[in-house]
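Take a look at the structure below.
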Amino acid sequence: MNTHRTLFIGLTLTLLISACKPQPSSPPVVQASAPPLEQAPSFTLETLAGETLSLEDYRGQTVVIHFGTSWCPFCRAEDPHLEALYQAYKERGVQVLVINVEEDDVDATEWKEEASFYFPMLMDRDGAVAARYAPPDAQPDLPRPEVMVAANLVIDRMGQVRFMSLLDTQTFDAKLVALRARLDEVLAEDVDA
């Protein structure tokens with residue numbers, strides 16, 4: 001396991017343990033969301049099956065992107081909810097993609113099979129795509145690709161980022177409630193247009 005992964009897992013466990021301890025009464029924490037980008041950075045990546053896909057292939061569709069890894073417990077907690085989202089929205093023209101960040105094909109294949117994903121998993125082998133999407137001021141102590149681990153985005157039919165959530169261990173939204181709410185808004189706007 002590389003040093004960054006070990007640091008990430010250690011930090012995650014520390015935050016989870018501290019979150020389980022009784023806390024003094026305080027106002028609720030709102031889920032941290034990075035400011036949306038105007039236009040989603042373009043990318044072309046291979047799937048586990050060796051097919052080459054690009055974001056432009058989905059122009060005209062609303063796209064949900066999840067950046068993840070097999071070793072991320074937050075990503076794994078979202079797995080059934082990502083698949084449920086795909087099944088619920090695919091008839092409405094929504095495509096779900098997982099961008100696997102810096103993992104080998106063996107680990108990624110095992111994750112995809114365990115999660116029973118019926119949508120593409122794209123391989124960001126060097127983390128360049130994740131780094132391009134990472135907000136420059138978010139989590140400055142992490143390498144740019146790791147900032148995006150467990151991040152979720154909604155990209156509209158015109159290729160604009162309409163929602164981005166980064167991992168927030170205190171208000172983790174495994175069921176993707178905020179993402180679904182924003183996705184419904186974006187789809188309603190498309191109907192009204």
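Here, A, B, ... name the chains of the structure tokens in the order displayed, residue numbers run from 1 inside each chain, and ligands are numbered from 1 in the same displayed order.
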
Name all residues at most 6 Å from stretch 131-136 of chain A (count only C-alpha atoms; drop same-chain ones fewer than 6 positions away) and give them as a short mmCIF file (atom, residue, chain, number, x, y, z; two decimals) with N, CA and C atoms, in the first residue's frame.
data_model
loop_
_atom_site.label_atom_id
_atom_site.label_comp_id
_atom_site.auth_asym_id
_atom_site.auth_seq_id
_atom_site.Cartn_x
_atom_site.Cartn_y
_atom_site.Cartn_z
N ARG A 144 -3.29 16.00 -5.65
CA ARG A 144 -4.50 16.41 -6.38
C ARG A 144 -5.40 15.24 -6.77
N PRO A 145 -4.89 14.10 -7.26
CA PRO A 145 -5.83 13.01 -7.59
C PRO A 145 -6.60 12.50 -6.38
N MET A 148 -10.01 13.98 -5.11
CA MET A 148 -11.25 13.61 -5.78
C MET A 148 -11.78 12.23 -5.38
#

Determine which residues of chain A receive a DSSP assignment of strand (DSSP E or B), computed from the backbone, and state them as a PyMOL selection string.
-> chain A and resi 44-47+52-54+62-68+94-101+121-124+151-155+161-165

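Note that atom CA of A:Asn152 and atom CA of A:Glu91 are 20.4 Å apart.
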
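The closest residue to A:Gln61, picked from A:Met164, A:Val154, A:Val129, A:Leu142 and counting only C-alpha atoms, is A:Val154.
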
Counting only C-alpha atoms, which residues in stretch 99-183 of chain A sit no more than 10 Å from stretch 50-57 of chain A? For each one, give the nearest pair of atoms and the distance in Å, sorted by chain then residue number, as a tab-separated table.
residue	atom	partner	partner_atom	distance
A:Pro120	CA	A:Leu53	CA	9.2
A:Leu122	CA	A:Leu53	CA	7.9
A:Met123	CA	A:Gly50	CA	9.5
A:Ile155	CA	A:Leu55	CA	9.7
A:Met158	CA	A:Glu56	CA	9.8
A:Gly159	CA	A:Glu56	CA	8.1

Mind dumping the selected residues with N, CA and C atoms as a tab-separated table (two decimals), in the first residue's frame?
chain	number	residue	atom	x	y	z
A	120	PRO	N	-20.22	1.92	-16.99
A	120	PRO	CA	-18.78	1.84	-17.21
A	120	PRO	C	-17.93	2.29	-16.03
A	122	LEU	N	-14.18	3.67	-15.75
A	122	LEU	CA	-13.07	4.20	-16.55
A	122	LEU	C	-11.81	4.23	-15.70
A	123	MET	N	-10.69	3.95	-16.32
A	123	MET	CA	-9.42	3.81	-15.61
A	123	MET	C	-8.56	5.08	-15.77
A	155	ILE	N	-22.95	16.47	-14.40
A	155	ILE	CA	-22.60	17.28	-15.56
A	155	ILE	C	-23.82	17.31	-16.47
A	158	MET	N	-25.00	20.07	-21.62
A	158	MET	CA	-24.09	20.98	-22.32
A	158	MET	C	-22.64	20.83	-21.83
A	159	GLY	N	-22.41	19.93	-20.90
A	159	GLY	CA	-21.05	19.69	-20.42
A	159	GLY	C	-20.62	20.57	-19.26

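If you measure from each of A:Gly60, A:Val106, A:His66, A:Ala151 to A:Arg92 using only C-alpha atoms, the closest one turns out to be A:Gly60.
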
Among the residues A:Arg157, A:Arg162, A:Arg125, A:Lys175, the one that comes closest to A:Glu83 [using only C-alpha atoms] |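 The shortest atom-to-atom distance to A:Glu83 comes from A:Lys175.
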
Nearest to A:Ser42: which of A:Gln160, A:Thr171, A:Asn100, A:Gln87 is it, counting only C-alpha atoms?
-> A:Gln160
